[in-house]
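K.L.:
Structure file model.pdb, PDB, C-alpha atoms, pLDDT in the B column, is pasted below:
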ATOM      1  CA  MET A   1      96.346  27.556  73.958  1.00 46.00           C
ATOM      2  CA  LYS A   2      96.295  30.925  72.126  1.00 42.00           C
ATOM      3  CA  GLN A   3      92.757  31.907  73.096  1.00 47.00           C
ATOM      4  CA  THR A   4      91.168  35.151  74.057  1.00 45.00           C
ATOM      5  CA  ALA A   5      88.382  35.409  76.547  1.00 47.00           C
ATOM      6  CA  LYS A   6      85.062  36.505  75.087  1.00 50.00           C
ATOM      7  CA  PRO A   7      84.850  40.277  74.621  1.00 49.00           C
ATOM      8  CA  LYS A   8      82.737  42.352  76.917  1.00 50.00           C
ATOM      9  CA  SER A   9      79.477  43.278  75.233  1.00 52.00           C
ATOM     10  CA  GLY A  10      80.393  45.737  72.494  1.00 48.00           C
ATOM     11  CA  GLY A  11      83.987  46.104  73.702  1.00 54.00           C
ATOM     12  CA  GLU A  12      87.451  45.077  72.721  1.00 56.00           C
ATOM     13  CA  PRO A  13      88.595  41.489  73.418  1.00 52.00           C
ATOM     14  CA  GLN A  14      89.881  40.985  76.926  1.00 73.00           C
ATOM     15  CA  VAL A  15      93.339  39.795  77.882  1.00 87.00           C
ATOM     16  CA  PRO A  16      94.387  36.415  76.359  1.00 92.00           C
ATOM     17  CA  LEU A  17      93.238  33.545  78.560  1.00 93.00           C
ATOM     18  CA  GLU A  18      96.719  31.992  78.546  1.00 93.00           C
ATOM     19  CA  THR A  19      98.070  35.156  80.196  1.00 93.00           C
ATOM     20  CA  VAL A  20      95.627  34.818  83.076  1.00 94.00           C
ATOM     21  CA  VAL A  21      96.384  31.078  83.382  1.00 95.00           C
ATOM     22  CA  GLN A  22     100.114  31.825  83.548  1.00 94.00           C
ATOM     23  CA  ARG A  23      99.511  34.476  86.200  1.00 95.00           C
ATOM     24  CA  ALA A  24      97.455  32.052  88.316  1.00 95.00           C
ATOM     25  CA  VAL A  25     100.094  29.313  88.021  1.00 95.00           C
ATOM     26  CA  GLN A  26     102.863  31.774  88.939  1.00 95.00           C
ATOM     27  CA  ARG A  27     100.913  32.881  92.031  1.00 96.00           C
ATOM     28  CA  LEU A  28     100.664  29.333  93.380  1.00 96.00           C
ATOM     29  CA  THR A  29     102.867  28.882  96.429  1.00 96.00           C
ATOM     30  CA  LEU A  30     103.639  25.186  96.534  1.00 97.00           C
ATOM     31  CA  PRO A  31     105.057  23.941  99.841  1.00 97.00           C
ATOM     32  CA  ASP A  32     108.598  22.656 100.042  1.00 97.00           C
ATOM     33  CA  PRO A  33     108.518  18.944 100.828  1.00 97.00           C
ATOM     34  CA  VAL A  34     109.689  17.942 104.298  1.00 96.00           C
ATOM     35  CA  ILE A  35     111.562  14.631 104.302  1.00 97.00           C
ATOM     36  CA  ARG A  36     110.765  12.131 107.043  1.00 96.00           C
ATOM     37  CA  THR A  37     112.244   8.665 107.539  1.00 95.00           C
ATOM     38  CA  SER A  38     112.135   5.829 109.995  1.00 93.00           C
ATOM     39  CA  PRO A  39     114.597   5.429 111.511  1.00 90.00           C
ATOM     40  CA  ASP A  40     114.499   9.223 111.860  1.00 88.00           C
ATOM     41  CA  THR A  41     117.061  11.215 109.870  1.00 84.00           C
ATOM     42  CA  GLU A  42     118.782  12.100 113.166  1.00 84.00           C
ATOM     43  CA  PHE A  43     119.633   8.424 113.659  1.00 88.00           C
ATOM     44  CA  VAL A  44     121.808   6.080 111.658  1.00 91.00           C
ATOM     45  CA  GLN A  45     120.128   3.973 108.976  1.00 91.00           C
ATOM     46  CA  VAL A  46     121.335   0.380 108.844  1.00 92.00           C
ATOM     47  CA  VAL A  47     122.394  -1.627 105.801  1.00 94.00           C
ATOM     48  CA  HIS A  48     119.836  -4.353 104.933  1.00 93.00           C
ATOM     49  CA  VAL A  49     117.195  -2.895 107.300  1.00 93.00           C
ATOM     50  CA  PRO A  50     114.175  -1.256 105.617  1.00 95.00           C
ATOM     51  CA  THR A  51     114.040   2.550 105.715  1.00 95.00           C
ATOM     52  CA  TRP A  52     110.545   4.034 105.585  1.00 96.00           C
ATOM     53  CA  MET A  53     110.235   7.367 103.762  1.00 97.00           C
ATOM     54  CA  TRP A  54     107.431   9.870 103.549  1.00 97.00           C
ATOM     55  CA  VAL A  55     106.799  13.508 102.823  1.00 97.00           C
ATOM     56  CA  GLU A  56     105.298  15.413 105.743  1.00 96.00           C
ATOM     57  CA  ARG A  57     101.506  15.363 105.284  1.00 94.00           C
ATOM     58  CA  SER A  58     101.208  19.138 105.780  1.00 95.00           C
ATOM     59  CA  THR A  59     103.197  19.591 102.545  1.00 95.00           C
ATOM     60  CA  TRP A  60     101.091  17.129 100.520  1.00 96.00           C
ATOM     61  CA  GLY A  61      97.677  18.391  99.501  1.00 95.00           C
ATOM     62  CA  PRO A  62      95.869  20.662  97.079  1.00 97.00           C
ATOM     63  CA  VAL A  63      96.794  24.335  96.819  1.00 97.00           C
ATOM     64  CA  SER A  64      94.484  26.794  95.027  1.00 97.00           C
ATOM     65  CA  VAL A  65      94.720  30.388  93.897  1.00 97.00           C
ATOM     66  CA  THR A  66      92.583  32.657  91.718  1.00 96.00           C
ATOM     67  CA  ALA A  67      93.957  35.332  89.401  1.00 95.00           C
ATOM     68  CA  ALA A  68      91.872  37.947  87.658  1.00 93.00           C
ATOM     69  CA  VAL A  69      92.952  40.309  84.900  1.00 91.00           C
ATOM     70  CA  GLU A  70      90.609  42.728  83.130  1.00 90.00           C
ATOM     71  CA  GLY A  71      87.515  40.803  84.150  1.00 88.00           C
ATOM     72  CA  VAL A  72      88.902  37.352  83.278  1.00 92.00           C
ATOM     73  CA  SER A  73      89.212  35.089  86.308  1.00 95.00           C
ATOM     74  CA  VAL A  74      91.118  31.786  86.441  1.00 96.00           C
ATOM     75  CA  THR A  75      91.328  29.423  89.403  1.00 97.00           C
ATOM     76  CA  ALA A  76      94.355  27.113  89.461  1.00 97.00           C
ATOM     77  CA  THR A  77      94.504  24.106  91.789  1.00 98.00           C
ATOM     78  CA  ALA A  78      97.793  22.204  92.179  1.00 97.00           C
ATOM     79  CA  ARG A  79      97.810  18.597  93.385  1.00 97.00           C
ATOM     80  CA  PRO A  80     100.880  16.494  94.154  1.00 97.00           C
ATOM     81  CA  ARG A  81     100.981  13.376  91.946  1.00 96.00           C
ATOM     82  CA  ARG A  82     104.154  11.518  92.891  1.00 97.00           C
ATOM     83  CA  ALA A  83     107.367  11.737  94.869  1.00 98.00           C
ATOM     84  CA  VAL A  84     110.631  10.595  93.282  1.00 98.00           C
ATOM     85  CA  TRP A  85     113.361   9.802  95.786  1.00 98.00           C
ATOM     86  CA  SER A  86     117.109   9.580  95.007  1.00 98.00           C
ATOM     87  CA  MET A  87     118.713   7.633  97.807  1.00 97.00           C
ATOM     88  CA  GLY A  88     122.339   8.720  97.451  1.00 96.00           C
ATOM     89  CA  GLU A  89     123.838   5.335  96.651  1.00 94.00           C
ATOM     90  CA  GLY A  90     122.338   5.134  93.165  1.00 94.00           C
ATOM     91  CA  GLY A  91     118.896   3.823  94.130  1.00 95.00           C
ATOM     92  CA  ARG A  92     115.705   5.561  93.107  1.00 97.00           C
ATOM     93  CA  VAL A  93     112.150   5.100  94.422  1.00 98.00           C
ATOM     94  CA  VAL A  94     108.929   6.422  92.861  1.00 98.00           C
ATOM     95  CA  CYS A  95     106.022   6.781  95.294  1.00 98.00           C
ATOM     96  CA  ARG A  96     102.481   7.516  94.087  1.00 96.00           C
ATOM     97  CA  GLY A  97     101.599   9.292  97.317  1.00 96.00           C
ATOM     98  CA  PRO A  98     103.335  10.914 100.282  1.00 97.00           C
ATOM     99  CA  GLY A  99     104.326   7.576 101.845  1.00 97.00           C
ATOM    100  CA  THR A 100     103.242   6.047 105.139  1.00 96.00           C
ATOM    101  CA  PRO A 101     104.691   7.287 108.432  1.00 95.00           C
ATOM    102  CA  TYR A 102     106.077   4.448 110.536  1.00 93.00           C
ATOM    103  CA  SER A 103     104.255   3.707 113.781  1.00 92.00           C
ATOM    104  CA  SER A 104     104.425   1.003 116.430  1.00 91.00           C
ATOM    105  CA  ALA A 105     101.380  -0.611 114.773  1.00 92.00           C
ATOM    106  CA  TYR A 106     103.826  -2.062 112.210  1.00 93.00           C
ATOM    107  CA  ASP A 107     106.322  -4.869 112.658  1.00 91.00           C
ATOM    108  CA  PRO A 108     109.722  -3.221 113.371  1.00 84.00           C
ATOM    109  CA  GLY A 109     111.376  -5.244 110.598  1.00 86.00           C
ATOM    110  CA  ALA A 110     108.658  -4.658 107.998  1.00 92.00           C
ATOM    111  CA  SER A 111     109.135  -2.694 104.806  1.00 94.00           C
ATOM    112  CA  SER A 112     106.974   0.347 104.140  1.00 95.00           C
ATOM    113  CA  PRO A 113     103.740  -0.578 102.362  1.00 95.00           C
ATOM    114  CA  ASP A 114     104.170   2.180  99.775  1.00 96.00           C
ATOM    115  CA  CYS A 115     107.426   4.130 100.018  1.00 97.00           C
ATOM    116  CA  GLY A 116     110.585   2.538 101.347  1.00 96.00           C
ATOM    117  CA  TYR A 117     114.148   1.598 100.536  1.00 97.00           C
ATOM    118  CA  THR A 118     116.742  -0.839 101.832  1.00 96.00           C
ATOM    119  CA  TYR A 119     120.350   0.300 101.661  1.00 96.00           C
ATOM    120  CA  ARG A 120     122.879  -2.212 100.319  1.00 95.00           C
ATOM    121  CA  ARG A 121     126.023  -0.432 101.500  1.00 95.00           C
ATOM    122  CA  ALA A 122     127.187   1.999 104.156  1.00 95.00           C
ATOM    123  CA  SER A 123     127.853   5.701 103.613  1.00 96.00           C
ATOM    124  CA  VAL A 124     131.341   5.470 105.144  1.00 93.00           C
ATOM    125  CA  GLY A 125     133.852   7.066 102.816  1.00 88.00           C
ATOM    126  CA  ARG A 126     131.292   9.476 101.351  1.00 90.00           C
ATOM    127  CA  SER A 127     131.681  13.209 101.784  1.00 86.00           C
ATOM    128  CA  GLY A 128     130.583  13.899 105.361  1.00 91.00           C
ATOM    129  CA  GLY A 129     130.092  10.171 105.924  1.00 95.00           C
ATOM    130  CA  ALA A 130     126.498  10.392 104.671  1.00 96.00           C
ATOM    131  CA  PHE A 131     124.392   9.901 101.562  1.00 96.00           C
ATOM    132  CA  THR A 132     122.513  12.887 100.175  1.00 96.00           C
ATOM    133  CA  VAL A 133     118.870  11.825  99.927  1.00 97.00           C
ATOM    134  CA  SER A 134     116.600  13.993  97.812  1.00 98.00           C
ATOM    135  CA  VAL A 135     112.919  13.998  96.942  1.00 98.00           C
ATOM    136  CA  GLU A 136     111.175  15.693  94.045  1.00 98.00           C
ATOM    137  CA  VAL A 137     107.426  16.141  94.379  1.00 98.00           C
ATOM    138  CA  PHE A 138     105.691  16.502  91.001  1.00 97.00           C
ATOM    139  CA  TRP A 139     102.513  18.588  90.879  1.00 97.00           C
ATOM    140  CA  ASP A 140      99.868  18.967  88.176  1.00 95.00           C
ATOM    141  CA  VAL A 141      97.910  22.199  88.035  1.00 97.00           C
ATOM    142  CA  GLU A 142      94.299  22.055  86.865  1.00 97.00           C
ATOM    143  CA  TRP A 143      92.778  25.392  85.936  1.00 97.00           C
ATOM    144  CA  GLN A 144      89.358  26.689  85.050  1.00 97.00           C
ATOM    145  CA  GLY A 145      88.190  30.068  83.913  1.00 95.00           C
ATOM    146  CA  GLY A 146      87.013  32.029  80.913  1.00 91.00           C
ATOM    147  CA  GLY A 147      84.610  29.185  80.182  1.00 93.00           C
ATOM    148  CA  GLN A 148      87.453  26.666  79.738  1.00 95.00           C
ATOM    149  CA  THR A 149      89.580  24.173  81.653  1.00 96.00           C
ATOM    150  CA  GLY A 150      93.065  22.740  81.252  1.00 96.00           C
ATOM    151  CA  VAL A 151      96.076  21.167  82.928  1.00 96.00           C
ATOM    152  CA  VAL A 152      99.592  22.503  83.371  1.00 93.00           C
ATOM    153  CA  PRO A 153     101.765  19.487  84.319  1.00 89.00           C
ATOM    154  CA  GLY A 154     105.277  19.323  85.666  1.00 86.00           C
ATOM    155  CA  GLN A 155     105.544  21.744  88.569  1.00 94.00           C
ATOM    156  CA  VAL A 156     108.292  20.383  90.849  1.00 97.00           C
ATOM    157  CA  LYS A 157     109.400  21.089  94.417  1.00 97.00           C
ATOM    158  CA  ARG A 158     112.609  19.571  95.819  1.00 98.00           C
ATOM    159  CA  ALA A 159     114.234  18.885  99.181  1.00 98.00           C
ATOM    160  CA  GLN A 160     117.281  16.988 100.394  1.00 97.00           C
ATOM    161  CA  ARG A 161     118.803  15.665 103.607  1.00 95.00           C
ATOM    162  CA  GLN A 162     121.901  13.817 104.675  1.00 95.00           C
ATOM    163  CA  LEU A 163     121.462  10.233 105.885  1.00 95.00           C
ATOM    164  CA  VAL A 164     124.188   8.291 107.619  1.00 95.00           C
ATOM    165  CA  VAL A 165     124.017   4.594 106.762  1.00 96.00           C
ATOM    166  CA  ASP A 166     126.108   2.147 108.733  1.00 94.00           C
ATOM    167  CA  GLU A 167     126.724  -1.555 108.736  1.00 90.00           C
ATOM    168  CA  VAL A 168     126.115  -3.651 111.821  1.00 83.00           C
ATOM    169  CA  GLN A 169     128.219  -6.745 112.293  1.00 76.00           C
ATOM    170  CA  ALA A 170     127.831  -9.366 114.948  1.00 74.00           C
ATOM    171  CA  VAL A 171     130.306 -11.819 116.344  1.00 78.00           C
ATOM    172  CA  ALA A 172     128.995 -15.134 117.610  1.00 78.00           C
ATOM    173  CA  VAL A 173     130.888 -16.502 120.585  1.00 82.00           C
ATOM    174  CA  ARG A 174     130.462 -20.013 121.924  1.00 77.00           C
TER     175      ARG A 174
END
For the structure just supplied, provide its representation as structure tokens.
P.N.:
Amino acid sequence: MKQTAKPKSGGEPQVPLETVVQRAVQRLTLPDPVIRTSPDTEFVQVVHVPTWMWVERSTWGPVSVTAAVEGVSVTATARPRRAVWSMGEGGRVVCRGPGTPYSSAYDPGASSPDCGYTYRRASVGRSGGAFTVSVEVFWDVEWQGGGQTGVVPGQVKRAQRQLVVDEVQAVAVR
């Protein structure tokens, strides 16, 4: 993108546009994702019972900033595109949005409509007795300024939590 903004009338060329774009992208303060699950992370997840996952809505939305250098102004707007979850037992889930928070409007045994996981084994025997669950939120930054537009993909914010997963066994007595 080696481009220079148009010179001021009769003057020297202004700062390269890519420099202003980089400055705008660097000034973006993307929120750290906040992991939410149902059952809540404070409770034990259960093997073979769906776990709903979502990123807190307040951390999922556009973020904009404008940078100006020597009369060249660029506005950069970052938007989250997907969340990639690593579930700690080898499973991985890609969600195209923040996920759906669980509510009593859903069947208690139902899987999440857009972002969920079902554990196949317990976390017993793992360090701390829990799986480390992490999420990476991928952001694309669209910019405009100096009479041009563009996209800077691949900005990433990460978070992780510990989730205890246990197995429930029942004994039938006659």
K.L.:
Within 6 Å of Ala67 (chain A), counting all atoms listed in the file, which residues qualify if same-chain residues fewer than 6 places away don't, as a list in words?
P.N.:
Ala24, Ser73 and Val74 of chain A
K.L.:
Can you spit out the residues from that selection as a CSV table (one decimal), keeping the file's coordinate frame, using C-alpha atoms?
P.N.:
chain,number,residue,atom,x,y,z
A,24,ALA,CA,97.5,32.1,88.3
A,73,SER,CA,89.2,35.1,86.3
A,74,VAL,CA,91.1,31.8,86.4
K.L.:
Which residues are near region 121-127 of chain A? Cut-off 9 Å, only C-alpha atoms, ignore same chain within fewer than 5 positions. Put them as an MDAnalysis selection string.
P.N.:
chainID A and resid 45:48 88:89 163:167
K.L.:
From the list A:Ala105, A:Val94, A:Leu17, A:Ala78, which residue is nearest Glu136 (chain A) when using all atoms listed in the file?
P.N.:
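Closest residue, counting all atoms listed in the file: A:Val94.
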K.L.:
With distances taken over all atoms listed in the file, which residue among A:Ala110, A:Val137, A:Cys115, A:Ala83 lies nearest Thr37 (chain A)?
P.N.:
A:Cys115
K.L.:
Point out the residue among A:Thr132, A:Thr149, A:Ser38, A:Gln14 with the least atom-to-atom distance to Ser103 (chain A), counting only C-alpha atoms.
P.N.:
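Looking only at the distances to Ser103 (chain A), the closest residue turns out to be A:Ser38.
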K.L.:
From the set A:Pro16, A:Pro39, A:Pro33, A:Gly109, which residue has the shortest atom-to-atom contact distance to Gly145 (chain A), counting only C-alpha atoms?
P.N.:
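Among A:Pro16, A:Pro39, A:Pro33, A:Gly109, it is A:Pro16 that comes nearest to Gly145 (chain A).
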K.L.:
Which residue gives the smallest distance to Val49 (chain A) among A:Thr118, A:Gln155, A:Met87, A:Gly99, with only C-alpha atoms counted?
P.N.:
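Closest to Val49 (chain A) of all the choices is A:Thr118.
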K.L.:
Select, from A:Thr29, A:Ser86, A:Gly71, A:Ile35, the residue with the minimum atom-to-atom distance to Trp54 (chain A), counting all atoms listed in the file.
P.N.:
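Answer, going by the shortest atom-to-atom distance: A:Ile35.
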K.L.:
Please tell me which residues are no farther than 8 Å from (95.6, 14.7, 85.6) in the file, counting all atoms listed in the file, and write them as a PyMOL selection string.
P.N.:
chain A and resi 140+142+151+153
K.L.:
Between CA of Arg82 (chain A) and CA of Glu18 (chain A), measure the distance and give it in Å to one decimal.
P.N.:
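One can read the CA of Arg82 (chain A) to CA of Glu18 (chain A) distance as 26.1 Å.
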K.L.:
Grab the CA of Gly61 (chain A) to CA of Gln160 (chain A) distance for me, in Å with one decimal place.
P.N.:
19.7 Å
K.L.:
List the spatial neighbours of Gly97 (chain A) as a PyMOL selection string - criterion: any atom at most 12 Å away, all atoms listed in the file, same-chain residues fewer than 3 positions off excluded.
P.N.:
chain A and resi 53-57+59-61+79-85+93-94+100-101+113-116+136-139
K.L.:
Report, in Å to a single decimal, how far apart CA of Cys95 (chain A) and CA of Gly128 (chain A) are.
P.N.:
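Atom-to-atom, CA of Gly128 (chain A) to CA of Cys95 (chain A), that is 27.5 Å.
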K.L.:
Generate the coordinates of all heavy atoms for region 76-87 of chain A; report them as a PDB file, in the coordinates of the input.
P.N.:
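out37.pdb, freshly written:
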ATOM      1  N   ALA A  76      93.395  28.196  89.672  1.00 97.00           N
ATOM      2  CA  ALA A  76      94.355  27.113  89.461  1.00 97.00           C
ATOM      3  C   ALA A  76      94.471  26.315  90.756  1.00 97.00           C
ATOM      4  O   ALA A  76      94.625  26.894  91.833  1.00 97.00           O
ATOM      5  CB  ALA A  76      95.711  27.681  89.066  1.00 97.00           C
ATOM      6  N   THR A  77      94.363  24.992  90.631  1.00 98.00           N
ATOM      7  CA  THR A  77      94.504  24.106  91.789  1.00 98.00           C
ATOM      8  C   THR A  77      95.615  23.103  91.501  1.00 98.00           C
ATOM      9  O   THR A  77      95.529  22.336  90.535  1.00 98.00           O
ATOM     10  CB  THR A  77      93.186  23.368  92.086  1.00 98.00           C
ATOM     11  OG1 THR A  77      92.167  24.341  92.337  1.00 98.00           O
ATOM     12  CG2 THR A  77      93.333  22.462  93.296  1.00 98.00           C
ATOM     13  N   ALA A  78      96.661  23.130  92.327  1.00 97.00           N
ATOM     14  CA  ALA A  78      97.793  22.204  92.179  1.00 97.00           C
ATOM     15  C   ALA A  78      97.591  21.023  93.110  1.00 97.00           C
ATOM     16  O   ALA A  78      97.170  21.183  94.256  1.00 97.00           O
ATOM     17  CB  ALA A  78      99.092  22.916  92.511  1.00 97.00           C
ATOM     18  N   ARG A  79      97.889  19.827  92.586  1.00 97.00           N
ATOM     19  CA  ARG A  79      97.810  18.597  93.385  1.00 97.00           C
ATOM     20  C   ARG A  79      99.092  17.794  93.195  1.00 97.00           C
ATOM     21  O   ARG A  79      99.519  17.583  92.063  1.00 97.00           O
ATOM     22  CB  ARG A  79      96.619  17.751  92.943  1.00 97.00           C
ATOM     23  CG  ARG A  79      95.284  18.318  93.354  1.00 97.00           C
ATOM     24  CD  ARG A  79      94.115  17.397  92.969  1.00 97.00           C
ATOM     25  NE  ARG A  79      92.874  17.924  93.482  1.00 97.00           N
ATOM     26  CZ  ARG A  79      92.195  18.921  92.926  1.00 97.00           C
ATOM     27  NH1 ARG A  79      92.641  19.495  91.842  1.00 97.00           N
ATOM     28  NH2 ARG A  79      91.059  19.351  93.464  1.00 97.00           N
ATOM     29  N   PRO A  80      99.684  17.330  94.299  1.00 97.00           N
ATOM     30  CA  PRO A  80     100.880  16.494  94.154  1.00 97.00           C
ATOM     31  C   PRO A  80     100.492  15.141  93.559  1.00 97.00           C
ATOM     32  O   PRO A  80      99.467  14.565  93.930  1.00 97.00           O
ATOM     33  CB  PRO A  80     101.396  16.354  95.585  1.00 97.00           C
ATOM     34  CG  PRO A  80     100.203  16.596  96.450  1.00 97.00           C
ATOM     35  CD  PRO A  80      99.293  17.507  95.694  1.00 97.00           C
ATOM     36  N   ARG A  81     101.289  14.650  92.627  1.00 96.00           N
ATOM     37  CA  ARG A  81     100.981  13.376  91.946  1.00 96.00           C
ATOM     38  C   ARG A  81     101.915  12.240  92.332  1.00 96.00           C
ATOM     39  O   ARG A  81     101.515  11.095  92.406  1.00 96.00           O
ATOM     40  CB  ARG A  81     101.025  13.562  90.423  1.00 96.00           C
ATOM     41  CG  ARG A  81     100.004  14.524  89.904  1.00 96.00           C
ATOM     42  CD  ARG A  81      98.614  13.979  90.116  1.00 96.00           C
ATOM     43  NE  ARG A  81      97.631  14.910  89.583  1.00 96.00           N
ATOM     44  CZ  ARG A  81      96.410  15.040  90.019  1.00 96.00           C
ATOM     45  NH1 ARG A  81      95.991  14.311  91.017  1.00 96.00           N
ATOM     46  NH2 ARG A  81      95.596  15.903  89.481  1.00 96.00           N
ATOM     47  N   ARG A  82     103.201  12.575  92.530  1.00 97.00           N
ATOM     48  CA  ARG A  82     104.154  11.518  92.891  1.00 97.00           C
ATOM     49  C   ARG A  82     105.388  12.151  93.509  1.00 97.00           C
ATOM     50  O   ARG A  82     105.670  13.324  93.314  1.00 97.00           O
ATOM     51  CB  ARG A  82     104.532  10.676  91.685  1.00 97.00           C
ATOM     52  CG  ARG A  82     105.388  11.360  90.664  1.00 97.00           C
ATOM     53  CD  ARG A  82     105.641  10.466  89.439  1.00 97.00           C
ATOM     54  NE  ARG A  82     106.523  11.083  88.485  1.00 97.00           N
ATOM     55  CZ  ARG A  82     106.201  12.033  87.637  1.00 97.00           C
ATOM     56  NH1 ARG A  82     104.978  12.514  87.608  1.00 97.00           N
ATOM     57  NH2 ARG A  82     107.095  12.535  86.798  1.00 97.00           N
ATOM     58  N   ALA A  83     106.100  11.334  94.270  1.00 98.00           N
ATOM     59  CA  ALA A  83     107.367  11.737  94.869  1.00 98.00           C
ATOM     60  C   ALA A  83     108.446  10.811  94.327  1.00 98.00           C
ATOM     61  O   ALA A  83     108.285   9.588  94.351  1.00 98.00           O
ATOM     62  CB  ALA A  83     107.298  11.651  96.392  1.00 98.00           C
ATOM     63  N   VAL A  84     109.518  11.381  93.814  1.00 98.00           N
ATOM     64  CA  VAL A  84     110.631  10.595  93.282  1.00 98.00           C
ATOM     65  C   VAL A  84     111.828  10.829  94.200  1.00 98.00           C
ATOM     66  O   VAL A  84     112.302  11.960  94.342  1.00 98.00           O
ATOM     67  CB  VAL A  84     110.954  10.987  91.822  1.00 98.00           C
ATOM     68  CG1 VAL A  84     112.145  10.192  91.312  1.00 98.00           C
ATOM     69  CG2 VAL A  84     109.735  10.784  90.922  1.00 98.00           C
ATOM     70  N   TRP A  85     112.273   9.751  94.811  1.00 98.00           N
ATOM     71  CA  TRP A  85     113.361   9.802  95.786  1.00 98.00           C
ATOM     72  C   TRP A  85     114.658   9.313  95.151  1.00 98.00           C
ATOM     73  O   TRP A  85     114.678   8.268  94.497  1.00 98.00           O
ATOM     74  CB  TRP A  85     113.046   8.894  96.968  1.00 98.00           C
ATOM     75  CG  TRP A  85     111.854   9.295  97.768  1.00 98.00           C
ATOM     76  CD1 TRP A  85     110.541   9.113  97.450  1.00 98.00           C
ATOM     77  CD2 TRP A  85     111.862   9.954  99.031  1.00 98.00           C
ATOM     78  NE1 TRP A  85     109.733   9.613  98.433  1.00 98.00           N
ATOM     79  CE2 TRP A  85     110.516  10.138  99.420  1.00 98.00           C
ATOM     80  CE3 TRP A  85     112.877  10.404  99.874  1.00 98.00           C
ATOM     81  CZ2 TRP A  85     110.162  10.755 100.618  1.00 98.00           C
ATOM     82  CZ3 TRP A  85     112.520  11.007 101.069  1.00 98.00           C
ATOM     83  CH2 TRP A  85     111.189  11.178 101.424  1.00 98.00           C
ATOM     84  N   SER A  86     115.756  10.031  95.368  1.00 98.00           N
ATOM     85  CA  SER A  86     117.109   9.580  95.007  1.00 98.00           C
ATOM     86  C   SER A  86     117.815   9.312  96.327  1.00 98.00           C
ATOM     87  O   SER A  86     117.924  10.204  97.175  1.00 98.00           O
ATOM     88  CB  SER A  86     117.841  10.650  94.206  1.00 98.00           C
ATOM     89  OG  SER A  86     117.194  10.861  92.976  1.00 98.00           O
ATOM     90  N   MET A  87     118.283   8.089  96.492  1.00 97.00           N
ATOM     91  CA  MET A  87     118.713   7.633  97.807  1.00 97.00           C
ATOM     92  C   MET A  87     120.196   7.841  98.116  1.00 97.00           C
ATOM     93  O   MET A  87     120.651   7.516  99.206  1.00 97.00           O
ATOM     94  CB  MET A  87     118.346   6.159  97.980  1.00 97.00           C
ATOM     95  CG  MET A  87     116.849   5.898  97.819  1.00 97.00           C
ATOM     96  SD  MET A  87     115.782   6.985  98.809  1.00 97.00           S
ATOM     97  CE  MET A  87     116.268   6.540 100.463  1.00 97.00           C
TER      98      MET A  87
END
